[in-house]
$ cat data_33.cif   # mmCIF, C-alpha atoms and all ligand atoms
data_target
loop_
_atom_site.label_atom_id
_atom_site.label_comp_id
_atom_site.auth_asym_id
_atom_site.auth_seq_id
_atom_site.Cartn_x
_atom_site.Cartn_y
_atom_site.Cartn_z
CA LEU A 1 81.14 105.02 91.45
CA LYS A 2 82.43 108.41 90.33
CA VAL A 3 86.23 108.28 90.11
CA GLY A 4 88.68 111.10 89.51
CA VAL A 5 92.30 110.96 88.39
CA MET A 6 94.61 113.80 89.35
CA GLY A 7 97.43 113.78 86.80
CA ALA A 8 96.60 112.38 83.37
CA GLY A 9 100.04 110.98 82.51
CA ALA A 10 101.15 107.39 81.98
CA ILE A 11 99.68 105.78 85.12
CA GLY A 12 96.64 108.09 85.46
CA SER A 13 95.56 107.68 81.84
CA TYR A 14 96.12 103.93 81.81
CA VAL A 15 94.36 103.11 85.09
CA GLY A 16 91.69 105.77 84.44
CA GLY A 17 91.13 104.50 80.89
CA VAL A 18 90.74 100.91 82.13
CA LEU A 19 88.18 102.10 84.72
CA ALA A 20 86.23 104.07 82.10
CA SER A 21 86.22 101.05 79.79
CA ALA A 22 84.76 99.07 82.71
CA GLY A 23 81.87 101.53 82.84
CA MET A 24 82.99 103.83 85.66
CA ASP A 25 82.10 107.49 85.59
CA LEU A 26 85.57 109.03 85.19
CA VAL A 27 87.04 112.54 85.46
CA LEU A 28 90.64 112.91 84.26
CA VAL A 29 92.54 116.04 85.30
CA GLY A 30 95.58 116.78 83.18
CA ARG A 31 97.53 119.43 81.36
CA PRO A 32 96.12 121.21 78.28
CA ARG A 33 98.69 119.29 76.18
CA ALA A 34 97.27 115.96 77.40
CA LYS A 35 93.74 117.25 76.86
CA GLY A 36 94.61 118.09 73.25
CA GLU A 37 95.88 114.54 72.66
CA PHE A 38 92.80 113.10 74.34
CA GLU A 39 90.43 115.24 72.27
CA GLY A 40 92.21 114.09 69.13
CA SER A 41 91.79 110.37 69.57
CA GLY A 42 90.52 109.44 73.05
CA LEU A 43 92.73 106.92 74.87
CA ASN A 44 94.37 103.97 73.20
CA LEU A 45 95.57 101.43 75.72
CA SER A 46 97.58 98.33 74.98
CA ASP A 47 99.39 95.74 77.05
CA LEU A 48 102.10 93.14 76.75
CA ASN A 49 99.53 90.37 76.34
CA GLY A 50 98.26 91.92 73.12
CA ARG A 51 95.13 93.41 74.65
CA VAL A 52 94.05 96.69 73.07
CA LEU A 53 91.41 99.04 74.48
CA SER A 54 90.13 102.13 72.71
CA VAL A 55 88.35 104.48 75.07
CA SER A 56 86.24 107.04 73.25
CA LYS A 57 86.52 110.66 74.41
CA THR A 58 82.77 110.65 75.08
CA ARG A 59 83.32 108.11 77.93
CA ILE A 60 85.53 110.43 80.01
CA THR A 61 85.34 114.00 81.29
CA PHE A 62 88.76 115.58 80.73
CA ALA A 63 89.45 118.74 82.76
CA THR A 64 92.55 120.87 83.20
CA THR A 65 91.87 121.93 86.80
CA ALA A 66 91.09 120.04 89.98
CA SER A 67 87.79 121.91 90.32
CA ALA A 68 86.24 119.10 88.23
CA LEU A 69 86.88 116.57 91.05
CA GLY A 70 84.25 117.92 93.48
CA GLN A 71 81.70 115.13 92.93
CA CYS A 72 84.21 112.28 92.88
CA GLU A 73 83.95 109.56 95.54
CA VAL A 74 87.44 108.21 94.91
CA VAL A 75 90.37 110.23 93.53
CA LEU A 76 93.56 108.55 92.31
CA CYS A 77 96.58 110.80 92.71
CA CYS A 78 98.90 110.09 89.77
CA VAL A 79 101.23 113.10 89.58
CA LYS A 80 105.00 112.78 90.05
CA SER A 81 106.24 113.13 93.66
CA ALA A 82 107.55 116.69 93.16
CA GLN A 83 104.05 117.77 92.10
CA THR A 84 102.12 116.13 94.95
CA ALA A 85 102.07 119.17 97.25
CA ALA A 86 100.87 121.48 94.47
CA ALA A 87 98.25 118.96 93.31
CA ALA A 88 97.02 118.56 96.90
CA ALA A 89 96.77 122.34 97.32
CA GLU A 90 94.61 122.48 94.18
CA MET A 91 92.37 119.66 95.44
CA LYS A 92 92.05 120.94 99.02
CA GLY A 93 89.10 123.26 98.64
CA VAL A 94 87.40 121.06 96.05
CA LEU A 95 87.26 117.44 97.22
CA ALA A 96 84.17 116.14 99.01
CA PRO A 97 84.69 115.63 102.76
CA ASP A 98 84.10 111.87 102.49
CA VAL A 99 86.27 111.30 99.42
CA VAL A 100 88.91 108.54 99.42
CA VAL A 101 92.19 109.68 97.88
CA VAL A 102 94.53 106.92 96.72
CA SER A 103 98.16 107.70 95.94
CA LEU A 104 99.30 105.55 93.01
CA GLN A 105 102.78 107.04 93.23
CA ASN A 106 106.24 105.62 93.79
CA GLY A 107 108.36 106.54 96.80
CA VAL A 108 107.24 106.28 100.41
CA ARG A 109 106.21 109.85 101.25
CA ASN A 110 103.36 110.83 98.92
CA PRO A 111 100.45 109.53 101.04
CA GLU A 112 101.82 111.50 104.01
CA VAL A 113 102.11 114.68 101.92
CA LEU A 114 98.49 114.21 100.79
CA ARG A 115 97.26 113.47 104.33
CA ASN A 116 98.91 116.61 105.71
CA ALA A 117 97.51 118.79 102.93
CA LEU A 118 94.00 117.28 102.92
CA PRO A 119 92.94 117.15 106.58
CA GLY A 120 89.80 115.12 107.25
CA ARG A 121 89.98 113.19 103.97
CA THR A 122 90.85 109.50 103.86
CA VAL A 123 94.16 108.95 102.08
CA LEU A 124 95.35 105.46 101.17
CA ALA A 125 98.71 104.40 99.79
CA GLY A 126 98.78 102.41 96.57
CA ILE A 127 101.60 100.62 94.76
CA VAL A 128 101.56 100.12 91.02
CA GLU A 129 103.74 97.10 90.32
CA PHE A 130 103.55 97.41 86.54
CA ASN A 131 105.14 99.86 84.12
CA VAL A 132 103.27 102.07 81.66
CA VAL A 133 104.92 103.98 78.83
CA ALA A 134 103.29 107.04 77.20
CA GLN A 135 103.62 106.57 73.45
CA GLY A 136 102.17 109.93 72.40
CA GLY A 137 98.85 110.82 70.76
CA GLY A 138 96.80 109.43 73.69
CA ALA A 139 98.43 105.98 73.45
CA PHE A 140 99.62 104.27 76.63
CA ARG A 141 101.22 100.84 76.81
CA ARG A 142 101.45 98.62 79.86
CA THR A 143 104.80 96.92 79.41
CA THR A 144 105.19 94.64 82.44
CA SER A 145 103.07 92.26 84.48
CA GLY A 146 102.15 93.02 88.08
CA ALA A 147 99.26 94.01 90.29
CA LEU A 148 97.97 97.16 91.93
CA LEU A 149 98.33 97.03 95.73
CA ILE A 150 96.11 99.27 97.85
CA GLU A 151 96.26 99.87 101.58
CA ALA A 152 93.54 97.76 103.21
CA THR A 153 90.36 99.57 104.21
CA SER A 154 86.80 98.66 105.17
CA ASP A 155 85.44 101.37 102.84
CA ALA A 156 83.04 99.55 100.50
CA ARG A 157 83.80 101.95 97.64
CA MET A 158 87.33 100.61 97.45
CA ARG A 159 85.96 97.08 97.03
CA VAL A 160 83.82 98.31 94.12
CA LEU A 161 86.85 100.00 92.55
CA GLY A 162 89.08 96.95 93.11
CA ASP A 163 86.50 94.57 91.61
CA ALA A 164 86.06 96.81 88.55
CA LEU A 165 89.81 97.00 87.95
CA SER A 166 90.34 93.28 88.52
CA GLN A 167 87.57 92.42 86.06
CA ALA A 168 89.09 94.80 83.52
CA GLY A 169 92.56 93.20 83.72
CA ILE A 170 94.36 95.01 86.54
CA ALA A 171 94.62 92.67 89.53
CA VAL A 172 94.05 94.59 92.77
CA LYS A 173 95.22 93.35 96.17
CA GLN A 174 94.49 95.01 99.50
CA VAL A 175 97.48 94.93 101.84
CA VAL A 176 97.91 95.70 105.51
CA ASP A 177 101.17 97.31 106.62
CA VAL A 178 101.42 98.99 103.22
CA ARG A 179 104.67 100.75 104.06
CA ARG A 180 106.59 97.49 103.83
CA TYR A 181 105.35 97.12 100.24
CA GLN A 182 106.21 100.73 99.42
CA TRP A 183 109.77 100.03 100.52
CA ALA A 184 109.90 96.82 98.47
CA LYS A 185 108.75 98.75 95.39
CA LEU A 186 111.32 101.42 96.11
CA VAL A 187 114.07 98.79 96.07
CA VAL A 188 112.76 97.51 92.71
CA ASN A 189 112.63 101.11 91.46
CA LEU A 190 116.38 101.47 91.97
CA ASN A 191 116.61 100.22 88.38
CA ASN A 192 114.90 103.45 87.20
CA ALA A 193 118.00 105.62 87.52
CA ILE A 194 120.13 103.05 85.68
CA GLY A 195 117.57 102.90 82.84
CA ALA A 196 117.51 106.70 82.69
CA LEU A 197 121.31 107.13 82.67
CA SER A 198 122.00 104.29 80.23
CA ASP A 199 119.15 104.85 77.74
CA VAL A 200 118.76 101.06 77.75
CA PRO A 201 115.21 99.58 77.85
CA THR A 202 114.39 97.63 81.04
CA GLN A 203 114.43 94.15 79.48
CA GLU A 204 117.85 94.71 77.88
CA LEU A 205 119.14 96.19 81.13
CA VAL A 206 118.18 93.09 83.10
CA LEU A 207 119.95 90.89 80.54
CA SER A 208 123.18 92.94 80.66
CA LYS A 209 125.73 91.63 83.16
CA GLY A 210 127.38 95.05 83.56
CA TYR A 211 124.18 96.96 84.40
CA ARG A 212 123.04 94.07 86.62
CA LYS A 213 126.21 94.43 88.68
CA ILE A 214 125.31 98.10 89.30
CA LEU A 215 121.70 97.30 90.16
CA ALA A 216 122.76 94.48 92.49
CA GLY A 217 125.16 96.90 94.22
CA THR A 218 122.57 99.64 94.78
CA MET A 219 119.97 97.08 95.91
CA ASP A 220 122.39 95.36 98.29
CA GLU A 221 123.20 98.72 99.82
CA ALA A 222 119.51 99.66 100.11
CA LEU A 223 118.59 96.32 101.69
CA ARG A 224 121.41 96.71 104.23
CA VAL A 225 120.11 100.17 105.15
CA LEU A 226 116.54 98.84 105.50
CA ARG A 227 117.80 96.04 107.73
CA VAL A 228 119.60 98.48 110.01
CA ALA A 229 116.45 100.61 110.12
CA GLY A 230 114.35 97.58 111.09
CA ILE A 231 112.24 97.67 107.90
CA ARG A 232 111.25 94.33 106.41
CA PRO A 233 110.19 94.87 102.78
CA GLY A 234 106.92 93.17 101.74
CA ARG A 235 106.74 90.54 99.02
CA LEU A 236 105.62 91.88 95.65
CA GLY A 237 105.94 88.83 93.39
CA PRO A 238 106.75 85.18 93.95
CA LEU A 239 110.33 86.04 95.02
CA PRO A 240 111.26 88.35 97.94
CA VAL A 241 113.21 91.51 96.99
CA THR A 242 115.87 90.47 99.50
CA LEU A 243 116.88 87.77 96.98
CA PHE A 244 117.19 90.19 94.04
CA PRO A 245 120.89 91.12 94.43
CA TYR A 246 121.76 87.43 94.57
CA LEU A 247 119.62 86.66 91.48
CA LEU A 248 121.08 89.61 89.55
CA ARG A 249 124.58 88.16 90.01
CA LEU A 250 123.61 84.80 88.46
CA PRO A 251 124.76 84.00 84.91
CA THR A 252 122.37 85.56 82.35
CA PRO A 253 120.64 82.31 81.17
CA VAL A 254 119.87 81.30 84.79
CA LEU A 255 118.77 84.84 85.67
CA LYS A 256 116.44 84.79 82.64
CA LEU A 257 114.57 81.80 84.07
CA ALA A 258 114.32 83.29 87.57
CA ALA A 259 113.27 86.74 86.26
CA GLY A 260 110.61 85.14 84.06
CA ALA A 261 108.99 83.67 87.18
CA GLN A 262 108.91 87.09 88.85
CA VAL A 263 107.82 89.49 86.11
CA LYS A 264 107.07 89.62 82.38
CA ILE A 265 108.79 92.53 80.64
CA ASP A 266 107.92 93.79 77.16
CA PRO A 267 110.90 95.03 75.05
CA GLN A 268 109.32 98.52 75.05
CA ALA A 269 109.45 98.92 78.85
CA ARG A 270 111.29 102.05 79.99
CA SER A 271 111.49 103.51 83.46
CA SER A 272 109.45 106.64 84.13
CA MET A 273 112.74 108.32 85.12
CA TRP A 274 114.02 107.70 81.59
CA GLN A 275 110.83 109.31 80.30
CA ASP A 276 111.43 112.34 82.56
CA LEU A 277 115.02 112.86 81.38
CA ALA A 278 113.91 112.46 77.76
CA LYS A 279 111.29 115.17 78.27
CA GLY A 280 113.59 117.51 80.23
CA ARG A 281 111.50 117.21 83.42
CA PRO A 282 112.80 116.81 86.98
CA THR A 283 112.99 113.15 88.00
CA GLU A 284 111.89 111.35 91.16
CA VAL A 285 115.45 110.30 92.06
CA ASP A 286 115.30 112.12 95.42
CA ASP A 287 112.24 110.03 96.33
CA LEU A 288 113.85 106.74 95.28
CA ASN A 289 117.65 106.43 95.65
CA GLY A 290 117.53 109.65 97.73
CA GLU A 291 115.18 108.02 100.22
CA ILE A 292 117.80 105.31 100.87
CA VAL A 293 120.40 108.04 101.42
CA ARG A 294 118.12 109.81 103.94
CA LEU A 295 117.37 106.57 105.79
CA ALA A 296 121.10 105.79 105.95
CA GLU A 297 121.74 109.26 107.41
CA THR A 298 119.06 108.69 110.06
CA HIS A 299 120.69 105.40 111.05
CA ALA A 300 124.32 106.42 110.55
CA SER A 301 125.12 105.81 114.21
CA ALA A 302 124.11 102.16 113.72
CA GLY A 303 126.50 101.89 110.77
CA ALA A 304 124.15 102.55 107.82
CA THR A 305 125.80 104.06 104.72
CA ALA A 306 124.64 104.50 101.11
CA PRO A 307 127.53 105.78 98.97
CA LEU A 308 126.37 104.16 95.70
CA ASN A 309 122.84 105.51 95.98
CA ARG A 310 124.14 108.93 97.04
CA ARG A 311 126.37 109.11 93.98
CA MET A 312 123.51 107.87 91.75
CA VAL A 313 121.37 110.80 92.95
CA GLU A 314 124.17 113.23 92.05
CA ILE A 315 124.69 111.74 88.57
CA VAL A 316 120.95 111.90 87.80
CA HIS A 317 120.83 115.53 88.98
CA GLU A 318 123.78 116.34 86.71
CA ALA A 319 121.85 114.85 83.76
CA GLU A 320 118.72 116.84 84.72
CA LYS A 321 120.77 120.05 84.78
CA ARG A 322 122.30 119.38 81.37
CA GLY A 323 118.76 118.92 80.00
CA GLU A 324 119.94 116.80 77.09
CA GLY A 325 118.06 113.61 77.95
CA SER A 326 119.89 110.42 78.85
CA PRO A 327 123.70 110.67 78.95
CA LYS A 328 123.69 107.10 77.52
CA LEU A 329 126.36 105.80 79.89
CA SER A 330 127.72 102.33 79.27
CA ALA A 331 127.77 99.99 82.27
CA GLU A 332 131.52 100.54 82.60
CA GLU A 333 131.17 104.36 82.46
CA LEU A 334 128.38 104.36 85.03
CA TRP A 335 130.28 102.02 87.37
CA ALA A 336 133.36 104.24 87.10
CA LYS A 337 131.29 107.35 87.89
CA LEU A 338 129.67 105.60 90.87
CA THR A 339 132.78 104.15 92.42
CA GLY A 340 135.78 105.97 90.96
CA GLU A 341 137.02 102.49 89.87
CA HIS A 342 138.03 102.03 86.24
N1 LIG B 1 105.02 105.22 84.57
C1 LIG B 1 105.14 104.09 85.24
O1 LIG B 1 105.37 103.04 84.69
C2 LIG B 1 104.93 104.07 86.74
C3 LIG B 1 104.77 102.82 87.36
C4 LIG B 1 104.52 102.79 88.73
C5 LIG B 1 104.42 103.95 89.44
N2 LIG B 1 104.60 105.15 88.81
C6 LIG B 1 104.49 106.34 89.61
O2 LIG B 1 103.26 106.99 89.29
C7 LIG B 1 103.41 108.40 89.44
C8 LIG B 1 103.06 109.06 88.11
O3 LIG B 1 104.00 108.61 87.14
P1 LIG B 1 103.74 108.76 85.57
O4 LIG B 1 104.83 108.02 84.90
O5 LIG B 1 102.33 108.46 85.26
O6 LIG B 1 104.00 110.33 85.45
P2 LIG B 1 103.59 111.32 84.26
O7 LIG B 1 103.46 110.54 82.99
O8 LIG B 1 104.52 112.45 84.32
O9 LIG B 1 102.13 111.78 84.67
C9 LIG B 1 101.82 112.81 85.56
C10 LIG B 1 101.02 113.83 84.77
O10 LIG B 1 100.34 114.69 85.66
C11 LIG B 1 100.45 116.01 85.16
N3 LIG B 1 100.23 116.94 86.26
C12 LIG B 1 101.05 117.22 87.30
N4 LIG B 1 100.48 118.12 88.13
C13 LIG B 1 99.28 118.42 87.59
C14 LIG B 1 98.24 119.29 87.97
N5 LIG B 1 98.32 120.03 89.09
N6 LIG B 1 97.15 119.38 87.18
C15 LIG B 1 97.07 118.64 86.05
N7 LIG B 1 98.02 117.78 85.63
C16 LIG B 1 99.12 117.67 86.40
C17 LIG B 1 101.85 116.05 84.60
O11 LIG B 1 102.04 117.15 83.73
P3 LIG B 1 103.51 117.87 83.62
O12 LIG B 1 104.48 116.79 83.27
O13 LIG B 1 103.30 118.89 82.57
O14 LIG B 1 103.77 118.44 84.98
C18 LIG B 1 101.90 114.71 83.87
O15 LIG B 1 101.30 114.80 82.61
C19 LIG B 1 104.87 108.62 89.84
O16 LIG B 1 104.99 108.70 91.23
C20 LIG B 1 105.56 107.36 89.34
O17 LIG B 1 106.74 107.05 90.03
C21 LIG B 1 104.83 105.23 87.47
#

$ encode --input "data_33.cif" --output "structure tokens"
Amino acid sequence: LKVGVMGAGAIGSYVGGVLASAGMDLVLVGRPRAKGEFEGSGLNLSDLNGRVLSVSKTRITFATTASALGQCEVVLCCVKSAQTAAAAAEMKGVLAPDVVVVSLQNGVRNPEVLRNALPGRTVLAGIVEFNVVAQGGGAFRRTTSGALLIEATSDARMRVLGDALSQAGIAVKQVVDVRRYQWAKLVVNLNNAIGALSDVPTQELVLSKGYRKILAGTMDEALRVLRVAGIRPGRLGPLPVTLFPYLLRLPTPVLKLAAGAQVKIDPQARSSMWQDLAKGRPTEVDDLNGEIVRLAETHASAGATAPLNRRMVEIVHEAEKRGEGSPKLSAEELWAKLTGEH
């Protein structure tokens, strides 16, 4: 199977590198900066279970334009949400008519953007449950457990891809009604903004009572909006996301036990929104917390409101504008900014 990756960043390089190590013919499309890193040392992949994979640069074709994707049978779209439309425009005249494009992006809109821009091509939604951190110099570390969910299809090529990934250590599950799982992941992703604004790694964040109170508040609000909108989020791990606000309010030692059953988190885990602020790039906050705000607006007449998520979007945009990385807000400072309460 010839596989392409559009967007050689954290997710694209990690998933692409795992596929190449499993023997797939892989084309990575990324920026010249990423190409330079790749040409220096290939890809070095590690995970929280101590697994290390070195993928030699001779195993992968690295290109800086989408024109290299013409022969690919499956293309994984791994750019940030704000770049999806531009990436799709680049791919439009290039991709084979029978290609399968899989969005491995967060948020709920990217597959639709790709479908509209790539008429006639099959586009599937995917959900990456795990976190990957770019460590520089072609090194990428998977820092949490979790599977890769892909919208169910009868296309045999997706079975080949799924089997290859599963054998190489990324469990792949096909799901029907994928949108429910996208929404569940979006609710989980509400921690991203808190990680970005606090500068606190994910594991520490989950163990901090103050940040947990904020996360529980934004999740509660999001789940209420989803309920009003008639959306039932899918189950990602052993525990349903609808239980998360309740779990987050448990005392830390009890929460530790419950969280351990749901997900393993390496101390190096950081949200991709934190990585964006650190690098001075626009974040995906409009596609995460902002999506809850939009859904609440659509269902305002039924009583849906999202003041915490709305304010979170504003605070993240303020940090983007300042361009100084994370504002390193304590839990108390962030709560005060969100609610006006001191
Ligand atoms: N990182 C995670 O742990 C994680 C987990 C689950 C899901 N996700 C989702 O996966 C998606 C990708 O996230 P990520 O963290 O992997 O982002 P990322 O590290 O920023 O990777 C995207 C890469 O694609 C490049 N790119 C964008 N447009 C391009 C184009 N037209 N041609 C070539 N290269 C292009 C970007 O370069 P520039 O930055 O220079 O534009 C960047 O290097 C997001 O939707 C994210 O929410 C991420």

$ residues_around --input "data_33.cif" --residues "Glu112 (chain A)" --least-positions-apart "6" --cutoff "10 Å" --atoms "only C-alpha atoms" --output "ChimeraX atom specification"
/A:103,118,123-125

$ residues_near_ligand --input "data_33.cif" --ligand "ligand LIG 1 (chain B)" --cutoff "7 Å" --atoms "only C-alpha atoms and all ligand atoms" --output "ChimeraX atom specification"
/A:6-12,29-31,34,64-66,78-81,83,86-87,90,104-107,127-134,271-272,284

$ write_last_selection --input "data_33.cif" --atoms "C-alpha atoms" --output "PDB file, in the coordinates of the input"
ATOM      1  CA  MET A   6      94.610 113.800  89.350  1.00  0.00           C
ATOM      2  CA  GLY A   7      97.430 113.780  86.800  1.00  0.00           C
ATOM      3  CA  ALA A   8      96.600 112.380  83.370  1.00  0.00           C
ATOM      4  CA  GLY A   9     100.040 110.980  82.510  1.00  0.00           C
ATOM      5  CA  ALA A  10     101.150 107.390  81.980  1.00  0.00           C
ATOM      6  CA  ILE A  11      99.680 105.780  85.120  1.00  0.00           C
ATOM      7  CA  GLY A  12      96.640 108.090  85.460  1.00  0.00           C
ATOM      8  CA  VAL A  29      92.540 116.040  85.300  1.00  0.00           C
ATOM      9  CA  GLY A  30      95.580 116.780  83.180  1.00  0.00           C
ATOM     10  CA  ARG A  31      97.530 119.430  81.360  1.00  0.00           C
ATOM     11  CA  ALA A  34      97.270 115.960  77.400  1.00  0.00           C
ATOM     12  CA  THR A  64      92.550 120.870  83.200  1.00  0.00           C
ATOM     13  CA  THR A  65      91.870 121.930  86.800  1.00  0.00           C
ATOM     14  CA  ALA A  66      91.090 120.040  89.980  1.00  0.00           C
ATOM     15  CA  CYS A  78      98.900 110.090  89.770  1.00  0.00           C
ATOM     16  CA  VAL A  79     101.230 113.100  89.580  1.00  0.00           C
ATOM     17  CA  LYS A  80     105.000 112.780  90.050  1.00  0.00           C
ATOM     18  CA  SER A  81     106.240 113.130  93.660  1.00  0.00           C
ATOM     19  CA  GLN A  83     104.050 117.770  92.100  1.00  0.00           C
ATOM     20  CA  ALA A  86     100.870 121.480  94.470  1.00  0.00           C
ATOM     21  CA  ALA A  87      98.250 118.960  93.310  1.00  0.00           C
ATOM     22  CA  GLU A  90      94.610 122.480  94.180  1.00  0.00           C
ATOM     23  CA  LEU A 104      99.300 105.550  93.010  1.00  0.00           C
ATOM     24  CA  GLN A 105     102.780 107.040  93.230  1.00  0.00           C
ATOM     25  CA  ASN A 106     106.240 105.620  93.790  1.00  0.00           C
ATOM     26  CA  GLY A 107     108.360 106.540  96.800  1.00  0.00           C
ATOM     27  CA  ILE A 127     101.600 100.620  94.760  1.00  0.00           C
ATOM     28  CA  VAL A 128     101.560 100.120  91.020  1.00  0.00           C
ATOM     29  CA  GLU A 129     103.740  97.100  90.320  1.00  0.00           C
ATOM     30  CA  PHE A 130     103.550  97.410  86.540  1.00  0.00           C
ATOM     31  CA  ASN A 131     105.140  99.860  84.120  1.00  0.00           C
ATOM     32  CA  VAL A 132     103.270 102.070  81.660  1.00  0.00           C
ATOM     33  CA  VAL A 133     104.920 103.980  78.830  1.00  0.00           C
ATOM     34  CA  ALA A 134     103.290 107.040  77.200  1.00  0.00           C
ATOM     35  CA  SER A 271     111.490 103.510  83.460  1.00  0.00           C
ATOM     36  CA  SER A 272     109.450 106.640  84.130  1.00  0.00           C
ATOM     37  CA  GLU A 284     111.890 111.350  91.160  1.00  0.00           C
TER      38      GLU A 284
END

$ atom_distance --input "data_33.cif" --atom1 "CA of Ser326 (chain A)" --atom2 "CA of Ala196 (chain A)"
5.9 Å

$ residues_around --input "data_33.cif" --residues "Ala68 (chain A)" --least-positions-apart "4" --cutoff "10 Å" --atoms "all atoms listed in the file" --output "PyMOL selection string"
chain A and resi 4+6+27-29+61-64+72+91+94-95

$ residues_around --input "data_33.cif" --residues "Glu320 (chain A)" --least-positions-apart "5" --cutoff "8 Å" --atoms "only C-alpha atoms" --output "VMD selection string"
chain A and resid 277 280 to 283 325

$ residues_around --input "data_33.cif" --residues "Val316 (chain A)" --least-positions-apart "3" --cutoff "8 Å" --atoms "all atoms listed in the file" --output "PyMOL selection string"
chain A and resi 193+197+285+312-313+319-320

$ closest_residue --input "data_33.cif" --among "A:Ser154, A:Thr84, A:Asn49, A:Ser166" --to "Ala117 (chain A)" --atoms "only C-alpha atoms"
A:Thr84

$ residues_around --input "data_33.cif" --residues "Gln167 (chain A)" --least-positions-apart "6" --cutoff "12 Å" --atoms "all atoms listed in the file" --output "list in words"
Val18, Leu19, Ser21, Ala22, Gly23, Val160 and Leu161 of chain A

$ write_last_selection --input "data_33.cif" --atoms "C-alpha atoms" --output "CSV table (one decimal), in the coordinates of the input"
chain,number,residue,atom,x,y,z
A,18,VAL,CA,90.7,100.9,82.1
A,19,LEU,CA,88.2,102.1,84.7
A,21,SER,CA,86.2,101.0,79.8
A,22,ALA,CA,84.8,99.1,82.7
A,23,GLY,CA,81.9,101.5,82.8
A,160,VAL,CA,83.8,98.3,94.1
A,161,LEU,CA,86.8,100.0,92.6

$ closest_residue --input "data_33.cif" --among "A:Gly230, A:Pro201, A:Pro240, A:Gly290" --to "Ala261 (chain A)" --atoms "all atoms listed in the file"
A:Pro240
